[in-house]
Amino acid sequence: MLQRFGIRIGFMSRSLKNSVLQKDSSRRYLVTQLETTASKSSSDPSPGNMEELKKATKEGKVNVEYRPLYLDAQATTPLDPRVLDAMMPYLISFYGNPHSRTHSYGWESEAATETARKQVANIIGADPKEIVFTSGATESNNIAVKGVARFYREKKRHIITTQTEHKCVLDSCRALENEGFDITYLSVQESGLIDLEDLEAAIRPDTVLVSLMTVNNEIGIKQPISEIGRVCRSKKVFFHTDAAQAVGKIPLDVNEMNIDLMSISGHKIYGPKGVGALYIRRRPRVRVEPLQSGGGQERGMRSGTVPTPLVVGLGAACHVAQQEMSYDHARLEHISKRLTDKIMAELPDVVRNGDPEHSYPGCVNLSFAYVEGESLLMALKDVALSSGSACTSASLEPSYVLRAIGADEDLAHSSIRFGFGRYTTEEEVDYTAEKCIQHVKRLREMSPLWEMIQEGIDLKSIQWTQH
């Protein structure tokens with residue numbers, strides 16, 4: 001793969017080259033190897049038991065040659081080898097502190113940091129001076145929501161967001177409620193989209209900020225960001241968007257869309273974990289109160305030494321994504337349609353959550369009626385999937401995003417999120433679809449509810465009693 005992209009790997013040591021090349025080839029193992037996994041000897045941990053498999057994985061007892069297919073790209077993405085290549089010199093040779101101004105080590109790192117800042121700015125049509133490096137989208141969201149609210153608290157104390165935002169935005173808003181701010185949580189339509197009339201009606205003279213996600217991390221819905229930005233600008237209200245799932249995947253321009261603050265994540269666009277960025281508009285100027293004290297780095301808005309290797313990786317990831325965005329998007333449209341067509345042709349009572357006409361194709365959320373989502377996840381042990389956000393996956397409660405779009409609780413419990421990425425192959429999609437169809441049919445055959453449906457019984461008409 002490295003050779004296919006024409007990547008310069010001359011800097012890498014021989015062992016590192018081999019490691020990267022072997023990792024890429026082993027990722028694309030054949031479906032037959034998956035079958036081998038399922039029929040491995042009983043000395044291996046039983047994949048049917050999720051807790052046993054989790055424990056064995058943590059203890060390093062699972063053979064890495066037989067790792068599952070990866071279809072959880074909304075949780076994280078693998079590091080692009082081109083990004084690793086850009087980072088390597090700053091991990092080994094050019095290790096200076098970018099804030100050291102008295103010697104060449106610092107100057108080298110500072111130059112690399114500023115190049116990365118330009119690369120991040122270019123992908124969203126911003127000025128490099130408007131980019132603030134952070135540890136990730138969670139920190140960016142916290143700075144944006146809390147920072148703006150606290151800076152302007154003497155004049156305005158009202159914030160608008162939606163019920164389907166990422167947990168870090170919702171928790172930031174709850175924290176501000178405890179400080180005396182008034183928060184409006186807009187509901188969304190069944191499609192997952194907000195009603196622009198509801199937004200306009202919710203804006204008050206004391207509204208300081210509207211915070212809305214560009215692409216939802218659970219159902220992939222794309223909000224009408226340009227229209228939202230136009231409404232906010234006409235009302236002289238700051239507009240923040242969490243674009244962690246959108247940057248590098250769909251075209252964005254902060255000026256055309258009237259965006260005042262934007263949160264960006266490195267590891268969602270094939271960059272390193274632990275780094276992100278926050279776009280903060282300079283004209284008209286947006287002011288934020290910093291969350292942490294320190295040396296005043298990043299124009300005083302985010303103190304702390306900027307991690308040069310991670311920042312270089314974020315910049316390289318943005319640069320690669322900008323070059324390949326149209327190709328990646330077209331590919332993902334093809335393979336997501338391939339998966340949904342295969343599954344829906346074979347299985348009745350499958351619901352796609354969110355409006356497919358207004359969604360990012362790399363995220364497909366399906367509910368399989370009369371099947372428990374967790375049971376299906378355990379059955380699909382050969383594929384790494386999710387039933388929702390990785391940030392809230394420890395909870396057994398049905399997804400709050402699915403409940404917000406009006407999904408029945410039983411359908412919310414039966415949802416699976418399929419996340420496709422740059423390296424997802426058609427073979428992986430076909431295998432996943434076939435296994436999904438097989439296990440849904442098997443689990444439904446075991447379900448008394450499915451049997452009642454086949455007999456024509458309306459489950460909603462039944463008066464269930466508790467014993």
# chains A, B, ... in the order shown; residues from 1 in each chain; ligands from 1

$ select_by_dssp --residues "segment 79-272 of chain A" --states "alpha helix (DSSP H)" --output "ChimeraX atom specification"
/A:81-92,104-124,137-151,167-178,196-202,225-234

$ closest_atom_pairs --of "segment 54-101 of chain A" --to "segment 303-319 of chain A" --cutoff "12 Å" --atoms "only C-alpha atoms" --output "tab-separated table"
residue	atom	partner	partner_atom	distance
A:Thr77	CA	A:Ala317	CA	11.1
A:Pro78	CA	A:Ala317	CA	11.1
A:Leu79	CA	A:Ala317	CA	8.6
A:Asp80	CA	A:Ala317	CA	7.5
A:Pro81	CA	A:Ala317	CA	9.9
A:Arg82	CA	A:Ala316	CA	7.6
A:Val83	CA	A:Gly313	CA	5.4
A:Leu84	CA	A:Gly313	CA	6.9
A:Asp85	CA	A:Gly313	CA	8.8
A:Ala86	CA	A:Gly313	CA	6.5
A:Met87	CA	A:Pro309	CA	5.2
A:Met88	CA	A:Pro309	CA	7.5
A:Pro89	CA	A:Pro309	CA	8.2
A:Tyr90	CA	A:Pro309	CA	5.1
A:Leu91	CA	A:Pro309	CA	5.8
A:Ile92	CA	A:Pro309	CA	9.4
A:Ser93	CA	A:Pro309	CA	10.7
A:Phe94	CA	A:Pro309	CA	9.1
A:Tyr95	CA	A:Thr308	CA	7.9
A:Gly96	CA	A:Thr308	CA	8.4
A:Asn97	CA	A:Thr305	CA	7.4
A:Pro98	CA	A:Thr308	CA	7.0
A:His99	CA	A:Thr305	CA	7.3
A:Ser100	CA	A:Thr305	CA	10.1

$ select_by_dssp --residues "segment 143-229 of chain A" --states "strand (DSSP E)" --output "list in words"
His158, Ile159, Ile160, Thr161, Thr162, Asp182, Ile183, Thr184, Tyr185, Leu186, Thr207, Val208, Leu209, Val210 and Ser211 of chain A

$ residues_around --residues "segment 322-330 of chain A" --least-positions-apart "6" --cutoff "10 Å" --atoms "only C-alpha atoms" --output "number ranges by chain"
A: 119-120, 122-124, 247-251, 316, 360-362, 421-423

$ atom_distance --atom1 "atom CA of Asp260 of chain A" --atom2 "atom CA of Ala244 of chain A"
15.4 Å

$ residues_around --residues "Gln223 of chain A" --least-positions-apart "5" --cutoff "8 Å" --atoms "only C-alpha atoms" --output "PyMOL selection string"
chain A and resi 193-194+213-215+358

$ write_last_selection --atoms "C-alpha atoms" --output "short mmCIF file (atom, residue, chain, number, x, y, z; two decimals), in the first residue's frame"
data_model
loop_
_atom_site.label_atom_id
_atom_site.label_comp_id
_atom_site.auth_asym_id
_atom_site.auth_seq_id
_atom_site.Cartn_x
_atom_site.Cartn_y
_atom_site.Cartn_z
CA LEU A 193 -32.46 17.10 11.22
CA ILE A 194 -33.37 20.18 13.21
CA MET A 213 -22.99 19.04 15.44
CA THR A 214 -22.15 18.94 11.72
CA VAL A 215 -22.32 15.15 11.29
CA HIS A 358 -28.98 13.85 4.43
#

$ decode --residues "segment 256-287 of chain A" --atoms "N, CA and C atoms" --output "PDB file, in the first residue's frame"
ATOM      1  N   GLU A 256     -17.959  30.709   4.218  1.00  0.00           N
ATOM      2  CA  GLU A 256     -19.197  30.533   3.455  1.00  0.00           C
ATOM      3  C   GLU A 256     -20.344  30.066   4.348  1.00  0.00           C
ATOM      4  N   MET A 257     -20.024  29.278   5.385  1.00  0.00           N
ATOM      5  CA  MET A 257     -21.056  28.719   6.262  1.00  0.00           C
ATOM      6  C   MET A 257     -21.303  29.554   7.512  1.00  0.00           C
ATOM      7  N   ASN A 258     -20.603  30.669   7.637  1.00  0.00           N
ATOM      8  CA  ASN A 258     -20.785  31.562   8.795  1.00  0.00           C
ATOM      9  C   ASN A 258     -20.563  30.853  10.127  1.00  0.00           C
ATOM     10  N   ILE A 259     -19.533  30.038  10.179  1.00  0.00           N
ATOM     11  CA  ILE A 259     -19.187  29.320  11.408  1.00  0.00           C
ATOM     12  C   ILE A 259     -18.195  30.169  12.199  1.00  0.00           C
ATOM     13  N   ASP A 260     -18.455  30.314  13.499  1.00  0.00           N
ATOM     14  CA  ASP A 260     -17.591  31.125  14.358  1.00  0.00           C
ATOM     15  C   ASP A 260     -16.594  30.288  15.152  1.00  0.00           C
ATOM     16  N   LEU A 261     -16.989  29.067  15.497  1.00  0.00           N
ATOM     17  CA  LEU A 261     -16.098  28.146  16.215  1.00  0.00           C
ATOM     18  C   LEU A 261     -16.326  26.739  15.673  1.00  0.00           C
ATOM     19  N   MET A 262     -15.240  25.982  15.496  1.00  0.00           N
ATOM     20  CA  MET A 262     -15.360  24.617  14.983  1.00  0.00           C
ATOM     21  C   MET A 262     -14.380  23.698  15.698  1.00  0.00           C
ATOM     22  N   SER A 263     -14.887  22.548  16.156  1.00  0.00           N
ATOM     23  CA  SER A 263     -14.054  21.550  16.849  1.00  0.00           C
ATOM     24  C   SER A 263     -13.604  20.476  15.871  1.00  0.00           C
ATOM     25  N   ILE A 264     -12.319  20.104  15.967  1.00  0.00           N
ATOM     26  CA  ILE A 264     -11.708  19.138  15.046  1.00  0.00           C
ATOM     27  C   ILE A 264     -10.975  18.079  15.854  1.00  0.00           C
ATOM     28  N   SER A 265     -11.034  16.824  15.380  1.00  0.00           N
ATOM     29  CA  SER A 265     -10.348  15.708  16.043  1.00  0.00           C
ATOM     30  C   SER A 265      -9.349  15.069  15.100  1.00  0.00           C
ATOM     31  N   GLY A 266      -8.175  14.698  15.612  1.00  0.00           N
ATOM     32  CA  GLY A 266      -7.147  14.078  14.787  1.00  0.00           C
ATOM     33  C   GLY A 266      -7.448  12.626  14.443  1.00  0.00           C
ATOM     34  N   HIS A 267      -7.883  11.848  15.436  1.00  0.00           N
ATOM     35  CA  HIS A 267      -7.981  10.402  15.211  1.00  0.00           C
ATOM     36  C   HIS A 267      -9.228   9.989  14.446  1.00  0.00           C
ATOM     37  N   LYS A 268     -10.091  10.946  14.100  1.00  0.00           N
ATOM     38  CA  LYS A 268     -11.260  10.622  13.268  1.00  0.00           C
ATOM     39  C   LYS A 268     -10.955  10.784  11.779  1.00  0.00           C
ATOM     40  N   ILE A 269      -9.769  11.330  11.467  1.00  0.00           N
ATOM     41  CA  ILE A 269      -9.395  11.533  10.055  1.00  0.00           C
ATOM     42  C   ILE A 269      -8.042  10.879   9.753  1.00  0.00           C
ATOM     43  N   TYR A 270      -7.793   9.714  10.384  1.00  0.00           N
ATOM     44  CA  TYR A 270      -6.596   8.918  10.129  1.00  0.00           C
ATOM     45  C   TYR A 270      -5.331   9.597  10.630  1.00  0.00           C
ATOM     46  N   GLY A 271      -5.502  10.442  11.650  1.00  0.00           N
ATOM     47  CA  GLY A 271      -4.383  11.073  12.325  1.00  0.00           C
ATOM     48  C   GLY A 271      -4.165  10.445  13.686  1.00  0.00           C
ATOM     49  N   PRO A 272      -3.227  10.976  14.477  1.00  0.00           N
ATOM     50  CA  PRO A 272      -2.941  10.399  15.791  1.00  0.00           C
ATOM     51  C   PRO A 272      -4.004  10.754  16.825  1.00  0.00           C
ATOM     52  N   LYS A 273      -4.091   9.927  17.844  1.00  0.00           N
ATOM     53  CA  LYS A 273      -4.970  10.219  18.974  1.00  0.00           C
ATOM     54  C   LYS A 273      -4.282  11.221  19.899  1.00  0.00           C
ATOM     55  N   GLY A 274      -5.090  11.956  20.648  1.00  0.00           N
ATOM     56  CA  GLY A 274      -4.528  12.893  21.617  1.00  0.00           C
ATOM     57  C   GLY A 274      -4.278  14.279  21.082  1.00  0.00           C
ATOM     58  N   VAL A 275      -4.781  14.571  19.880  1.00  0.00           N
ATOM     59  CA  VAL A 275      -4.595  15.913  19.314  1.00  0.00           C
ATOM     60  C   VAL A 275      -5.852  16.309  18.546  1.00  0.00           C
ATOM     61  N   GLY A 276      -6.145  17.593  18.598  1.00  0.00           N
ATOM     62  CA  GLY A 276      -7.283  18.145  17.870  1.00  0.00           C
ATOM     63  C   GLY A 276      -7.048  19.625  17.679  1.00  0.00           C
ATOM     64  N   ALA A 277      -8.070  20.319  17.245  1.00  0.00           N
ATOM     65  CA  ALA A 277      -7.938  21.763  17.033  1.00  0.00           C
ATOM     66  C   ALA A 277      -9.288  22.429  17.244  1.00  0.00           C
ATOM     67  N   LEU A 278      -9.221  23.718  17.520  1.00  0.00           N
ATOM     68  CA  LEU A 278     -10.425  24.539  17.639  1.00  0.00           C
ATOM     69  C   LEU A 278     -10.245  25.771  16.753  1.00  0.00           C
ATOM     70  N   TYR A 279     -11.151  25.927  15.810  1.00  0.00           N
ATOM     71  CA  TYR A 279     -11.167  27.145  15.002  1.00  0.00           C
ATOM     72  C   TYR A 279     -11.927  28.208  15.768  1.00  0.00           C
ATOM     73  N   ILE A 280     -11.331  29.402  15.928  1.00  0.00           N
ATOM     74  CA  ILE A 280     -11.974  30.531  16.606  1.00  0.00           C
ATOM     75  C   ILE A 280     -11.860  31.748  15.699  1.00  0.00           C
ATOM     76  N   ARG A 281     -12.987  32.251  15.249  1.00  0.00           N
ATOM     77  CA  ARG A 281     -13.010  33.358  14.290  1.00  0.00           C
ATOM     78  C   ARG A 281     -12.372  34.621  14.871  1.00  0.00           C
ATOM     79  N   ARG A 282     -11.634  35.324  14.006  1.00  0.00           N
ATOM     80  CA  ARG A 282     -10.991  36.586  14.408  1.00  0.00           C
ATOM     81  C   ARG A 282     -11.790  37.807  13.976  1.00  0.00           C
ATOM     82  N   ARG A 283     -12.488  37.719  12.823  1.00  0.00           N
ATOM     83  CA  ARG A 283     -13.269  38.858  12.343  1.00  0.00           C
ATOM     84  C   ARG A 283     -14.613  38.363  11.817  1.00  0.00           C
ATOM     85  N   PRO A 284     -15.744  38.743  12.449  1.00  0.00           N
ATOM     86  CA  PRO A 284     -15.826  39.453  13.726  1.00  0.00           C
ATOM     87  C   PRO A 284     -15.272  38.595  14.856  1.00  0.00           C
ATOM     88  N   ARG A 285     -14.594  39.230  15.778  1.00  0.00           N
ATOM     89  CA  ARG A 285     -13.815  38.511  16.775  1.00  0.00           C
ATOM     90  C   ARG A 285     -14.692  37.771  17.778  1.00  0.00           C
ATOM     91  N   VAL A 286     -14.287  36.540  18.045  1.00  0.00           N
ATOM     92  CA  VAL A 286     -14.931  35.727  19.078  1.00  0.00           C
ATOM     93  C   VAL A 286     -13.954  35.600  20.242  1.00  0.00           C
ATOM     94  N   ARG A 287     -14.421  35.910  21.433  1.00  0.00           N
ATOM     95  CA  ARG A 287     -13.570  35.830  22.622  1.00  0.00           C
ATOM     96  C   ARG A 287     -13.975  34.619  23.457  1.00  0.00           C
TER      97      ARG A 287
END
